[in-house]
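This is work.txt (compact mmCIF, C-alpha atoms and all ligand atoms).
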```
# COMPACT_ATOMS: atom_id res chain seq x y z
CA PRO A 1 27.52 35.68 -54.68
CA LEU A 2 28.04 32.80 -57.10
CA VAL A 3 25.26 30.30 -56.36
CA LEU A 4 24.61 26.85 -57.83
CA GLY A 5 20.97 25.70 -57.76
CA ILE A 6 19.69 22.14 -58.03
CA GLU A 7 16.11 21.18 -58.93
CA SER A 8 14.63 17.65 -58.95
CA SER A 9 11.07 17.94 -57.59
CA CYS A 10 9.29 16.38 -60.56
CA ASP A 11 10.50 15.25 -63.98
CA GLU A 12 13.13 17.93 -64.65
CA THR A 13 16.73 17.61 -63.47
CA GLY A 14 17.96 21.19 -63.38
CA VAL A 15 21.26 22.82 -62.50
CA GLY A 16 21.45 26.59 -62.73
CA ILE A 17 24.22 29.01 -61.81
CA VAL A 18 23.77 32.70 -61.01
CA ARG A 19 26.01 35.51 -59.84
CA GLY A 20 23.78 37.72 -57.73
CA THR A 21 20.86 38.48 -60.05
CA THR A 22 22.80 37.58 -63.19
CA LEU A 23 21.98 34.27 -64.83
CA LEU A 24 25.09 32.40 -65.99
CA THR A 25 23.50 29.13 -67.08
CA ASN A 26 20.27 27.16 -66.86
CA THR A 27 20.81 23.52 -67.80
CA VAL A 28 17.78 21.23 -67.74
CA SER A 29 17.33 17.56 -68.54
CA SER A 30 13.76 16.26 -68.64
CA SER A 31 12.48 12.68 -68.36
CA MET A 32 9.10 13.73 -69.85
CA ASP A 33 9.59 11.49 -72.89
CA GLU A 34 9.77 8.44 -70.62
CA HIS A 35 6.40 9.26 -69.01
CA VAL A 36 4.39 9.96 -72.17
CA ARG A 37 3.30 6.37 -72.77
CA PHE A 38 1.92 6.19 -69.22
CA GLY A 39 -0.07 9.42 -69.60
CA GLY A 40 1.50 11.01 -66.53
CA VAL A 41 4.71 11.33 -64.53
CA ILE A 42 5.66 8.00 -62.90
CA PRO A 43 7.54 8.86 -59.67
CA GLU A 44 9.91 5.88 -59.74
CA ILE A 45 10.91 6.54 -63.35
CA ALA A 46 11.45 10.21 -62.54
CA SER A 47 13.71 9.33 -59.57
CA ARG A 48 15.85 6.98 -61.65
CA ALA A 49 16.12 9.53 -64.43
CA HIS A 50 17.38 12.13 -61.93
CA LEU A 51 20.10 9.68 -60.86
CA ASP A 52 21.21 9.24 -64.48
CA ALA A 53 20.98 12.89 -65.39
CA PHE A 54 22.40 14.69 -62.36
CA VAL A 55 26.15 14.41 -62.91
CA PRO A 56 26.07 15.15 -66.68
CA THR A 57 23.74 18.10 -66.06
CA LEU A 58 26.02 19.48 -63.33
CA ARG A 59 29.13 19.09 -65.52
CA GLN A 60 27.40 20.82 -68.42
CA ALA A 61 26.22 23.70 -66.23
CA LEU A 62 29.71 24.29 -64.77
CA ALA A 63 31.23 24.18 -68.25
CA ASP A 64 28.62 26.58 -69.69
CA ALA A 65 29.10 29.06 -66.87
CA GLY A 66 32.90 28.72 -67.07
CA VAL A 67 33.22 28.16 -63.32
CA THR A 68 34.36 25.34 -61.03
CA LEU A 69 32.77 24.03 -57.85
CA GLU A 70 35.59 25.78 -55.97
CA ASP A 71 34.38 29.18 -57.29
CA VAL A 72 30.86 28.64 -55.96
CA ASP A 73 29.91 30.58 -52.79
CA ALA A 74 26.77 28.61 -51.93
CA ILE A 75 24.68 25.66 -53.09
CA ALA A 76 20.86 25.76 -53.12
CA VAL A 77 18.54 22.81 -53.60
CA THR A 78 14.79 22.31 -53.83
CA SER A 79 13.78 20.53 -50.62
CA GLY A 80 10.03 20.59 -51.37
CA PRO A 81 7.26 20.47 -52.31
CA GLY A 82 7.36 17.72 -54.94
CA LEU A 83 7.67 13.97 -55.43
CA ALA A 84 9.43 12.49 -52.38
CA GLY A 85 11.75 10.13 -54.28
CA ALA A 86 12.59 12.73 -56.90
CA LEU A 87 13.37 15.37 -54.26
CA MET A 88 15.55 12.85 -52.43
CA VAL A 89 17.94 12.53 -55.39
CA GLY A 90 18.58 16.27 -55.68
CA VAL A 91 18.85 16.72 -51.91
CA CYS A 92 21.35 13.86 -51.53
CA ALA A 93 23.40 15.16 -54.44
CA ALA A 94 23.41 18.66 -52.95
CA LYS A 95 24.42 17.40 -49.50
CA ALA A 96 27.25 15.36 -51.02
CA LEU A 97 28.52 18.40 -52.92
CA ALA A 98 28.26 20.59 -49.82
CA LEU A 99 30.15 18.04 -47.70
CA ALA A 100 32.85 17.54 -50.32
CA THR A 101 33.42 21.25 -50.94
CA GLY A 102 32.58 22.75 -47.54
CA LYS A 103 30.17 25.22 -49.18
CA PRO A 104 27.03 26.40 -47.34
CA LEU A 105 23.83 24.64 -48.41
CA TYR A 106 20.36 26.22 -48.63
CA ALA A 107 17.22 24.03 -48.62
CA ILE A 108 14.74 25.97 -50.71
CA ASN A 109 11.00 26.04 -51.40
CA HIS A 110 10.26 25.15 -55.03
CA LEU A 111 7.22 27.43 -55.26
CA VAL A 112 8.99 30.49 -53.92
CA ALA A 113 11.84 29.72 -56.33
CA HIS A 114 9.30 30.01 -59.19
CA VAL A 115 8.89 33.61 -58.00
CA GLY A 116 12.59 34.22 -57.29
CA VAL A 117 13.48 33.52 -60.91
CA GLY A 118 11.63 36.69 -61.88
CA LEU A 119 14.24 38.72 -59.98
CA LEU A 120 17.05 37.71 -62.34
CA ASP A 121 18.12 40.56 -64.58
CA GLY A 122 18.61 40.69 -68.32
CA ALA A 123 21.49 38.24 -68.55
CA LYS A 124 21.68 35.94 -71.53
CA THR A 125 23.06 32.44 -71.15
CA THR A 126 26.09 31.42 -73.10
CA GLY A 127 26.34 28.35 -75.30
CA ASN A 128 23.74 25.79 -76.25
CA ALA A 129 23.60 23.07 -73.63
CA LYS A 130 23.42 19.57 -75.03
CA ILE A 131 23.78 16.50 -72.90
CA THR A 132 24.84 13.23 -74.45
CA GLY A 133 24.14 11.07 -71.38
CA SER A 134 20.68 9.71 -72.17
CA ALA A 135 19.23 9.64 -75.65
CA ASN A 136 15.71 10.67 -74.70
CA GLN A 137 16.55 13.57 -72.47
CA ALA A 138 15.80 16.93 -74.01
CA VAL A 139 18.07 19.66 -72.79
CA ARG A 140 17.10 23.28 -72.96
CA ASP A 141 19.06 26.38 -72.24
CA GLY A 142 17.45 29.70 -71.45
CA GLY A 143 18.03 33.21 -70.25
CA ILE A 144 16.01 36.27 -69.40
CA PRO A 145 16.00 38.74 -72.27
CA ALA A 146 15.81 42.46 -71.53
CA SER A 147 12.04 42.30 -71.91
CA GLY A 148 9.74 39.30 -71.67
CA PRO A 149 7.72 37.68 -74.46
CA ASP A 150 4.32 38.89 -75.66
CA GLY A 151 5.15 42.49 -74.87
CA ALA A 152 5.24 41.79 -71.13
CA ALA A 153 7.67 43.76 -69.03
CA GLY A 154 11.07 42.28 -68.12
CA ALA A 155 11.96 40.78 -64.77
CA PRO A 156 10.72 42.88 -61.86
CA ARG A 157 13.22 44.42 -59.46
CA LEU A 158 11.44 43.24 -56.33
CA PRO A 159 8.72 45.88 -56.20
CA GLY A 160 7.17 46.68 -52.84
CA ASN A 161 3.88 44.92 -53.40
CA LEU A 162 4.61 41.86 -55.46
CA GLY A 163 2.09 39.12 -56.15
CA ALA A 164 2.75 35.79 -57.85
CA LEU A 165 0.32 33.66 -59.81
CA LEU A 166 1.74 30.13 -60.06
CA VAL A 167 -0.06 27.78 -62.42
CA SER A 168 1.48 24.37 -63.10
CA GLY A 169 0.81 20.65 -63.22
CA GLY A 170 1.08 20.44 -59.44
CA HIS A 171 -0.02 23.86 -58.22
CA THR A 172 -2.43 26.74 -58.72
CA GLU A 173 -1.72 29.50 -56.21
CA ILE A 174 -1.85 33.24 -55.73
CA LEU A 175 0.84 34.52 -53.38
CA LYS A 176 1.70 37.85 -51.78
CA ILE A 177 5.43 38.31 -51.52
CA ASN A 178 6.10 40.65 -48.60
CA SER A 179 9.75 39.59 -48.61
CA ILE A 180 11.06 36.99 -51.04
CA THR A 181 13.54 35.72 -48.42
CA ASP A 182 11.28 35.25 -45.40
CA ASP A 183 7.70 36.49 -45.72
CA VAL A 184 5.45 34.82 -48.28
CA GLN A 185 1.69 34.77 -47.80
CA LEU A 186 -0.69 32.31 -49.49
CA LEU A 187 -3.81 34.24 -50.58
CA GLY A 188 -5.55 31.43 -52.45
CA SER A 189 -5.02 28.02 -54.04
CA THR A 190 -6.82 25.14 -55.66
CA ILE A 191 -8.75 22.92 -53.25
CA ASP A 192 -8.49 19.88 -55.56
CA ASP A 193 -6.82 19.53 -58.99
CA ALA A 194 -4.15 21.94 -60.21
CA ALA A 195 -4.95 23.73 -63.47
CA GLY A 196 -2.30 21.82 -65.46
CA GLU A 197 -3.64 18.58 -64.03
CA ALA A 198 -7.14 19.58 -65.25
CA TYR A 199 -5.71 20.22 -68.73
CA ASP A 200 -4.06 16.80 -68.70
CA LYS A 201 -7.21 14.99 -67.51
CA VAL A 202 -9.50 16.76 -69.96
CA ALA A 203 -7.07 16.07 -72.80
CA ARG A 204 -7.28 12.40 -71.90
CA ILE A 205 -11.11 12.54 -71.97
CA LEU A 206 -10.92 14.21 -75.39
CA GLY A 207 -8.35 11.69 -76.66
CA LEU A 208 -5.64 14.30 -77.17
CA GLY A 209 -2.69 12.55 -75.50
CA TYR A 210 -0.22 13.68 -72.84
CA PRO A 211 0.82 16.28 -71.83
CA GLY A 212 -2.57 17.78 -72.53
CA GLY A 213 -1.93 21.48 -72.02
CA PRO A 214 -0.21 22.25 -75.32
CA ALA A 215 -2.69 20.03 -77.26
CA ILE A 216 -5.76 21.78 -75.82
CA ASP A 217 -4.17 25.20 -76.26
CA LYS A 218 -3.63 24.48 -79.97
CA LEU A 219 -6.99 22.87 -80.65
CA ALA A 220 -8.89 25.56 -78.74
CA ARG A 221 -7.80 28.13 -81.33
CA THR A 222 -10.00 26.40 -83.90
CA GLY A 223 -13.01 26.01 -81.59
CA ASN A 224 -15.82 28.27 -80.39
CA ALA A 225 -15.35 28.97 -76.68
CA LYS A 226 -18.95 30.21 -76.42
CA ALA A 227 -20.49 27.01 -77.82
CA ILE A 228 -20.73 25.50 -74.32
CA ARG A 229 -20.61 27.11 -70.88
CA PHE A 230 -18.65 25.11 -68.31
CA PRO A 231 -18.77 25.90 -64.57
CA ARG A 232 -16.39 28.33 -62.87
CA GLY A 233 -15.64 26.55 -59.58
CA LEU A 234 -16.13 28.28 -56.20
CA SER A 235 -17.58 31.41 -57.82
CA GLN A 236 -20.96 31.39 -56.06
CA PRO A 237 -21.65 34.11 -53.44
CA LYS A 238 -21.52 31.58 -50.59
CA TYR A 239 -17.87 30.90 -51.41
CA MET A 240 -16.92 34.41 -52.51
CA GLY A 241 -18.54 36.56 -49.81
CA THR A 242 -17.65 40.25 -50.06
CA ALA A 243 -14.44 42.26 -49.67
CA GLU A 244 -15.52 43.20 -46.13
CA GLU A 245 -16.70 39.71 -45.24
CA PRO A 246 -14.82 37.23 -47.44
CA GLY A 247 -16.40 33.81 -47.97
CA PRO A 248 -14.46 30.62 -47.20
CA HIS A 249 -13.00 30.36 -50.73
CA ARG A 250 -12.90 33.94 -52.05
CA TYR A 251 -9.52 33.48 -53.79
CA ASP A 252 -9.55 29.68 -54.12
CA TRP A 253 -10.13 27.51 -57.17
CA SER A 254 -11.63 24.09 -57.83
CA PHE A 255 -11.16 22.28 -61.13
CA SER A 256 -12.41 18.76 -60.45
CA GLY A 257 -16.08 19.68 -61.10
CA LEU A 258 -15.08 21.21 -64.41
CA LYS A 259 -13.35 18.01 -65.45
CA THR A 260 -16.52 16.05 -64.59
CA ALA A 261 -18.65 18.53 -66.54
CA VAL A 262 -16.47 17.96 -69.62
CA ALA A 263 -16.81 14.17 -69.25
CA ARG A 264 -20.65 14.49 -68.96
CA CYS A 265 -20.76 16.75 -71.99
CA VAL A 266 -18.82 14.23 -74.11
CA GLU A 267 -21.10 11.41 -72.88
CA GLN A 268 -24.21 13.35 -73.88
CA PHE A 269 -23.01 13.88 -77.44
CA GLU A 270 -22.09 10.19 -77.69
CA ALA A 271 -25.44 9.06 -76.22
CA ARG A 272 -27.24 11.08 -78.88
CA GLY A 273 -25.06 9.48 -81.54
CA GLU A 274 -23.69 12.90 -82.49
CA GLU A 275 -20.12 13.76 -83.36
CA VAL A 276 -18.29 15.20 -80.33
CA PRO A 277 -17.29 18.82 -81.09
CA VAL A 278 -13.81 18.35 -79.62
CA ALA A 279 -12.44 21.77 -80.62
CA ASP A 280 -15.44 23.62 -79.15
CA ILE A 281 -15.19 21.64 -75.92
CA ALA A 282 -11.45 22.32 -75.69
CA ALA A 283 -12.04 26.05 -76.24
CA ALA A 284 -14.93 26.23 -73.76
CA PHE A 285 -12.95 24.27 -71.15
CA GLN A 286 -9.93 26.51 -71.59
CA GLU A 287 -12.09 29.62 -71.31
CA ALA A 288 -13.58 28.35 -68.02
CA VAL A 289 -10.13 27.62 -66.54
CA VAL A 290 -8.53 30.85 -67.67
CA ASP A 291 -11.55 33.01 -66.78
CA VAL A 292 -11.75 31.80 -63.20
CA ILE A 293 -7.98 31.84 -62.65
CA THR A 294 -7.55 35.39 -63.87
CA SER A 295 -10.69 36.86 -62.28
CA LYS A 296 -9.84 35.50 -58.83
CA ALA A 297 -6.15 36.36 -59.10
CA VAL A 298 -6.87 39.95 -60.11
CA LEU A 299 -9.47 40.24 -57.33
CA ALA A 300 -6.95 39.01 -54.74
CA CYS A 301 -4.36 41.49 -56.03
CA ARG A 302 -6.79 44.43 -55.99
CA GLU A 303 -7.92 43.66 -52.48
CA HIS A 304 -4.33 43.34 -51.23
CA GLY A 305 -2.87 46.42 -52.87
CA ILE A 306 -0.68 44.34 -55.20
CA LYS A 307 0.64 46.39 -58.12
CA ASP A 308 3.01 43.91 -59.78
CA VAL A 309 2.25 40.28 -60.56
CA LEU A 310 4.59 37.59 -61.74
CA LEU A 311 3.11 34.71 -63.75
CA GLY A 312 4.92 31.36 -63.36
CA GLY A 313 4.56 27.59 -63.75
CA GLY A 314 4.22 25.44 -66.87
CA VAL A 315 0.68 26.62 -67.68
CA ALA A 316 2.12 30.13 -68.10
CA ALA A 317 2.86 28.80 -71.60
CA ASN A 318 -0.87 28.89 -72.32
CA SER A 319 -1.67 31.51 -74.93
CA ARG A 320 -5.16 32.30 -73.61
CA LEU A 321 -3.94 32.55 -69.99
CA ARG A 322 -1.27 35.04 -71.03
CA GLU A 323 -3.73 37.03 -73.08
CA LEU A 324 -6.53 37.28 -70.52
CA THR A 325 -4.18 37.81 -67.54
CA GLY A 326 -2.56 40.64 -69.50
CA GLN A 327 -5.91 42.24 -70.34
CA ARG A 328 -7.37 41.98 -66.85
CA CYS A 329 -4.20 43.14 -65.12
CA ALA A 330 -4.04 46.14 -67.46
CA SER A 331 -7.66 47.08 -66.67
CA ALA A 332 -6.91 46.82 -62.95
CA GLY A 333 -3.72 48.91 -63.23
CA ILE A 334 -1.50 45.94 -62.34
CA ARG A 335 1.83 45.34 -64.09
CA LEU A 336 2.23 41.77 -65.31
CA HIS A 337 5.64 40.11 -65.52
CA VAL A 338 6.07 36.90 -67.49
CA PRO A 339 9.58 35.41 -67.47
CA PRO A 340 10.67 33.49 -70.59
CA LEU A 341 9.12 30.03 -70.72
CA ASP A 342 12.31 28.13 -69.95
CA LEU A 343 12.39 29.93 -66.63
CA CYS A 344 8.63 29.44 -65.97
CA THR A 345 8.82 25.64 -66.12
CA ASP A 346 10.87 23.73 -63.54
CA ASN A 347 14.60 24.53 -63.68
CA GLY A 348 17.71 24.97 -61.53
CA ALA A 349 18.22 28.67 -62.26
CA MET A 350 15.18 29.54 -60.17
CA VAL A 351 16.64 27.67 -57.20
CA ALA A 352 19.98 29.43 -57.65
CA ALA A 353 18.20 32.79 -58.01
CA LEU A 354 16.35 32.37 -54.71
CA GLY A 355 19.51 31.02 -53.05
CA ALA A 356 21.37 34.17 -54.09
CA GLN A 357 18.61 36.34 -52.62
CA LEU A 358 18.95 34.47 -49.30
CA VAL A 359 22.74 34.87 -49.28
CA MET A 360 22.45 38.58 -50.11
CA ALA A 361 19.87 39.05 -47.33
CA GLY A 362 22.29 37.51 -44.82
CA ILE A 363 20.03 34.56 -44.07
CA GLY A 364 21.91 31.54 -42.74
CA PRO A 365 22.25 28.22 -44.58
CA SER A 366 20.27 25.08 -43.73
CA GLY A 367 23.09 22.74 -42.78
CA ILE A 368 22.99 19.18 -44.09
CA ARG A 369 20.65 17.53 -41.59
CA PHE A 370 17.33 18.48 -43.21
CA ALA A 371 15.07 16.01 -45.03
CA PRO A 372 13.14 16.65 -48.24
CA ASP A 373 9.49 17.54 -47.54
CA SER A 374 7.04 16.59 -50.28
CA SER A 375 4.42 18.96 -48.83
CA MET A 376 6.67 21.84 -47.73
CA PRO A 377 4.35 24.83 -47.14
CA VAL A 378 4.84 27.90 -49.32
CA THR A 379 5.26 30.05 -46.21
CA ALA A 380 8.60 28.28 -45.53
CA VAL A 381 10.98 29.98 -48.00
CA SER A 382 14.05 28.07 -46.80
CA LEU A 383 14.79 25.70 -43.94
CA PRO A 384 16.67 27.00 -40.90
CA ALA A 385 19.73 25.06 -39.65
P1 LIG A 401 5.05 21.56 -60.42
O1 LIG A 401 5.93 22.56 -61.07
O2 LIG A 401 3.87 22.19 -59.76
O3 LIG A 401 5.80 20.66 -59.48
P2 LIG A 401 4.82 20.20 -62.99
O4 LIG A 401 6.28 19.92 -63.07
O5 LIG A 401 3.88 19.17 -63.46
O6 LIG A 401 4.39 20.61 -61.50
P3 LIG A 401 5.28 22.23 -64.96
O7 LIG A 401 6.37 21.39 -65.52
O8 LIG A 401 5.60 23.60 -64.50
O9 LIG A 401 4.51 21.53 -63.78
O10 LIG A 401 4.09 22.32 -66.02
C1 LIG A 401 3.53 21.18 -66.65
C2 LIG A 401 2.06 21.41 -66.83
O11 LIG A 401 1.83 22.53 -67.70
C3 LIG A 401 1.35 20.23 -67.49
O12 LIG A 401 0.19 19.94 -66.74
C4 LIG A 401 1.02 20.72 -68.89
O13 LIG A 401 -0.15 20.15 -69.43
C5 LIG A 401 0.84 22.20 -68.64
N1 LIG A 401 1.04 22.99 -69.86
C6 LIG A 401 2.15 23.09 -70.62
N2 LIG A 401 1.94 23.88 -71.70
C7 LIG A 401 0.64 24.30 -71.61
C8 LIG A 401 -0.20 25.13 -72.40
N3 LIG A 401 0.22 25.70 -73.54
N4 LIG A 401 -1.48 25.32 -72.00
C9 LIG A 401 -1.93 24.76 -70.86
N5 LIG A 401 -1.19 23.97 -70.07
C10 LIG A 401 0.08 23.74 -70.43
MG MG A 402 7.50 19.40 -65.00
FE FE A 403 7.30 23.76 -60.58
```
Would you write the structure of this file as C-alpha cells?
Amino acid sequence: PLVLGIESSCDETGVGIVRGTTLLTNTVSSSMDEHVRFGGVIPEIASRAHLDAFVPTLRQALADAGVTLEDVDAIAVTSGPGLAGALMVGVCAAKALALATGKPLYAINHLVAHVGVGLLDGAKTTGNAKITGSANQAVRDGGIPASGPDGAAGAPRLPGNLGALLVSGGHTEILKINSITDDVQLLGSTIDDAAGEAYDKVARILGLGYPGGPAIDKLARTGNAKAIRFPRGLSQPKYMGTAEEPGPHRYDWSFSGLKTAVARCVEQFEARGEEVPVADIAAAFQEAVVDVITSKAVLACREHGIKDVLLGGGVAANSRLRELTGQRCASAGIRLHVPPLDLCTDNGAMVAALGAQLVMAGIGPSGIRFAPDSSMPVTAVSLPA
C-alpha cells in the first residue's frame, strides 16, 4: 500500500511516503532554530511553526515521491504522545486530507512509529528536499541504506523477538514488540527525566547551550570519564531485585538525581575557587547515562529472550551510546539495529511505515472522530474507530 505519514508531536513537521516497506520520501521541517534562544522547545512556537510548515512540507513530499494524493491508499498521523497543541495541527491536517480525499485515516502512536521505521527496507530517497517557505526551517531528506551506520546491521525484517530501546528528549523506554501492529509491551522507562532532557539540563549547568546532547557528546571526547563517578539511578538491590523476584524498578531509569549530582559537583569546584573541569564532568556524566541505559536495556532483553534490538530516538545520535550498546549487545548475543539518524529523530516516514504495517495486517482505520492524546500509552499502537 502507498501510505502518507504525518508527524507533528514536537518541533519537527514531517511528511513521509512509503510503499509497503519501501521508503519513497522523508521530508522534515524543524522549528528547532526558533527555540534555541529559549533553551528548550516552546509549545506555542512549535504549534505555529507546524501551521506554517505543513502545506509546503506535504507538497514537497508528494513531489519528491512523484505521487499525488489520489494515488495514496491510506493516511497515517501521530495522535500521541507529544505536545497537545503541536499534535493538534498534524491531526487536524490529516483529518482534513482524509475528508477531502475519502482515504482511510490511521491515528498512530509516535513511540511505536519510532520502532516501525526500522522495518523499512533498503530504499533510498530521491532528490534533495528543500523548502523555501520559512527561512529558518532546516529540511532534511533521508533513506535507509542497505546497512546502517557504524557497522550496525540494516533494518530488521520483524524478527520474532524484537526489542526497542527508545532514547530521546521526551522518552527513555525499553519495549518488547510481540506484534508491531497490536501487541507492544513496556518493560521499563524513566521515572522522571528522559535521557535527552538530562543532557539538555546538564549542558545548561555546564554553560554549553541548547540542544545539549551534541555539545556534551563532543566535549566528552576530550574529557576523562573516570575523573568523577556520578550515580547510576535505580541500580541498588532494593530497586533491582533478582530475575526470579524483580524489584519495583528492575528495568527503569531515573536521571534527575544525576542532574543534581552534576550541579553539586560544579558548585563544589566553584566554592573551592577551582576551575571547573567541564570536559571531565561532561565525560563522567555521559558515562553514567550511557552505562545505566545500556546495562538495564541488555538485562531486560536477556531476561525476556529478546535477540534483536532496535535503537531509536534523538539520543541514538550519541557516539558513546552507540558504542557501548553495540559492545554490550554483542557480548549478550543480541543483534543491534540502528537506523540512519534521519530516521531515528522525529519524522513522517516512521508514521507512514507503521501505517503501512497496519494496512498490511488488515487492521481497520481510526475514522476521523479521535482526538490527539498527549499521553497516549505505548501499548496503544493505533486508535480503533
Ligand atoms: P520525543 O521524540 O520523545 O517526542 P524530542 O523530539 O525532544 O522528543 P528527539 O528530537 O528525538 O526528541 O531528540 C532530541 C534530543 O536528543 C535532545 O534532548 C538532544 O539533546 C538529544 N541529542 C541529540 N544528539 C545527541 C547526542 N549526540 N548525544 C546525546 N543526546 C543527543
Ligand atoms: Mg525533536
Ligand atoms: Fe520522537
* Can you tell me, as number ranges by chain, what residues are no more than 6 Å from region 176-191 of chain A when counting all atoms listed in the file, ignoring any on the same chain fewer than 5 positions away? -> A: 162-163, 251-254, 358, 379, 381
* Long-range neighbours of region 61-76 of chain A as a list in words, 8 Å cut-off, all atoms listed in the file, 5 positions minimum in chain -> Pro1, Leu2, Val3, Leu4, Gly5, Ile6, Val15, Gly16, Ile17, Leu24, Thr25, Asn26, Thr27, Ala94, Ala98, Thr101, Lys103, Pro104, Leu105, Tyr106, Ala107, Ile108, Thr126, Gly127, Ala129, Val351, Ala352, Gly355 and Val359 of chain A
* Near-ligand residues for ligand MG 402 (chain A), threshold 10 Å, only C-alpha atoms and all ligand atoms, as number ranges by chain -> A: 8-13, 30-32, 41, 168-170, 313-314, 345-347
* **Counting all atoms listed in the file, the option among A:Leu206, A:Val292, A:Val28, A:Gly362 closest to Gly233 (chain A)** =>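 With all atoms listed in the file as the atom set, the closest residue is A:Val292.
Across the structure, CA of Asn109 (chain A) and CA of Pro377 (chain A) are spaced 8.0 Å apart.
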* Asked: Which residues form the shell of 8 Å around ligand LIG 401 (chain A) when you count only C-alpha atoms and all ligand atoms, given as a VMD selection string?
  -> chain A and resid 9 to 12 41 81 to 82 110 to 111 167 to 172 195 to 200 210 to 218 312 to 319 321 344 to 346
* For each of A:Glu173, A:Asp52, A:Glu303, A:Asp121, take the minimum atom-to-atom distance to ligand FE 403 (chain A), counting only C-alpha atoms and all ligand atoms, then give the residue where this is smallest. =>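 Result for the nearest residue to ligand FE 403 (chain A): A:Glu173.
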* Please, what distance in Å, to one decimal, runs between CA of Pro340 (chain A) and CA of Ser29 (chain A)? ->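 Distance between the two atoms: 17.4 Å.
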* Surrounding residues of Ile281 (chain A) excluding itself and chain neighbours under 6 positions, 8 Å, only C-alpha atoms, as number ranges by chain -> A: 220, 223, 225, 227-228, 262
* Computed interatomic separation between CA of Arg272 (chain A) and CA of Thr222 (chain A) (Å) ->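 CA of Arg272 (chain A) sits 23.6 Å away from CA of Thr222 (chain A).
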For Leu87 (chain A), find every residue with an atom within 9 Å (counting all atoms listed in the file), except residues of its own chain fewer than 2 positions away, and show them as a short mmCIF file (atom, residue, chain, number, x, y, z; two decimals) with C-alpha atoms, keeping the file's coordinate frame.
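The resulting out.cif:
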```
data_model
loop_
_atom_site.label_atom_id
_atom_site.label_comp_id
_atom_site.auth_asym_id
_atom_site.auth_seq_id
_atom_site.Cartn_x
_atom_site.Cartn_y
_atom_site.Cartn_z
CA GLU A 7 16.11 21.18 -58.93
CA SER A 8 14.63 17.65 -58.95
CA SER A 9 11.07 17.94 -57.59
CA CYS A 10 9.29 16.38 -60.56
CA SER A 47 13.71 9.33 -59.57
CA THR A 78 14.79 22.31 -53.83
CA SER A 79 13.78 20.53 -50.62
CA GLY A 80 10.03 20.59 -51.37
CA PRO A 81 7.26 20.47 -52.31
CA GLY A 82 7.36 17.72 -54.94
CA LEU A 83 7.67 13.97 -55.43
CA ALA A 84 9.43 12.49 -52.38
CA GLY A 85 11.75 10.13 -54.28
CA VAL A 89 17.94 12.53 -55.39
CA GLY A 90 18.58 16.27 -55.68
CA VAL A 91 18.85 16.72 -51.91
CA CYS A 92 21.35 13.86 -51.53
CA PRO A 372 13.14 16.65 -48.24
CA ASP A 373 9.49 17.54 -47.54
CA SER A 374 7.04 16.59 -50.28
#
```
* **Expected residue set, 12 Å radius at (-15.8, 28.3, -78.3), all atoms listed in the file, as a PyMOL selection string** => chain A and resi 219-230+277-288
* When distances are computed from only C-alpha atoms and all ligand atoms, which of A:Val298, A:Leu310, A:Ala243, A:Val112 shows the smallest separation from ligand FE 403 (chain A)? ->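 Checking each candidate against ligand FE 403 (chain A), we get A:Val112 as the closest.
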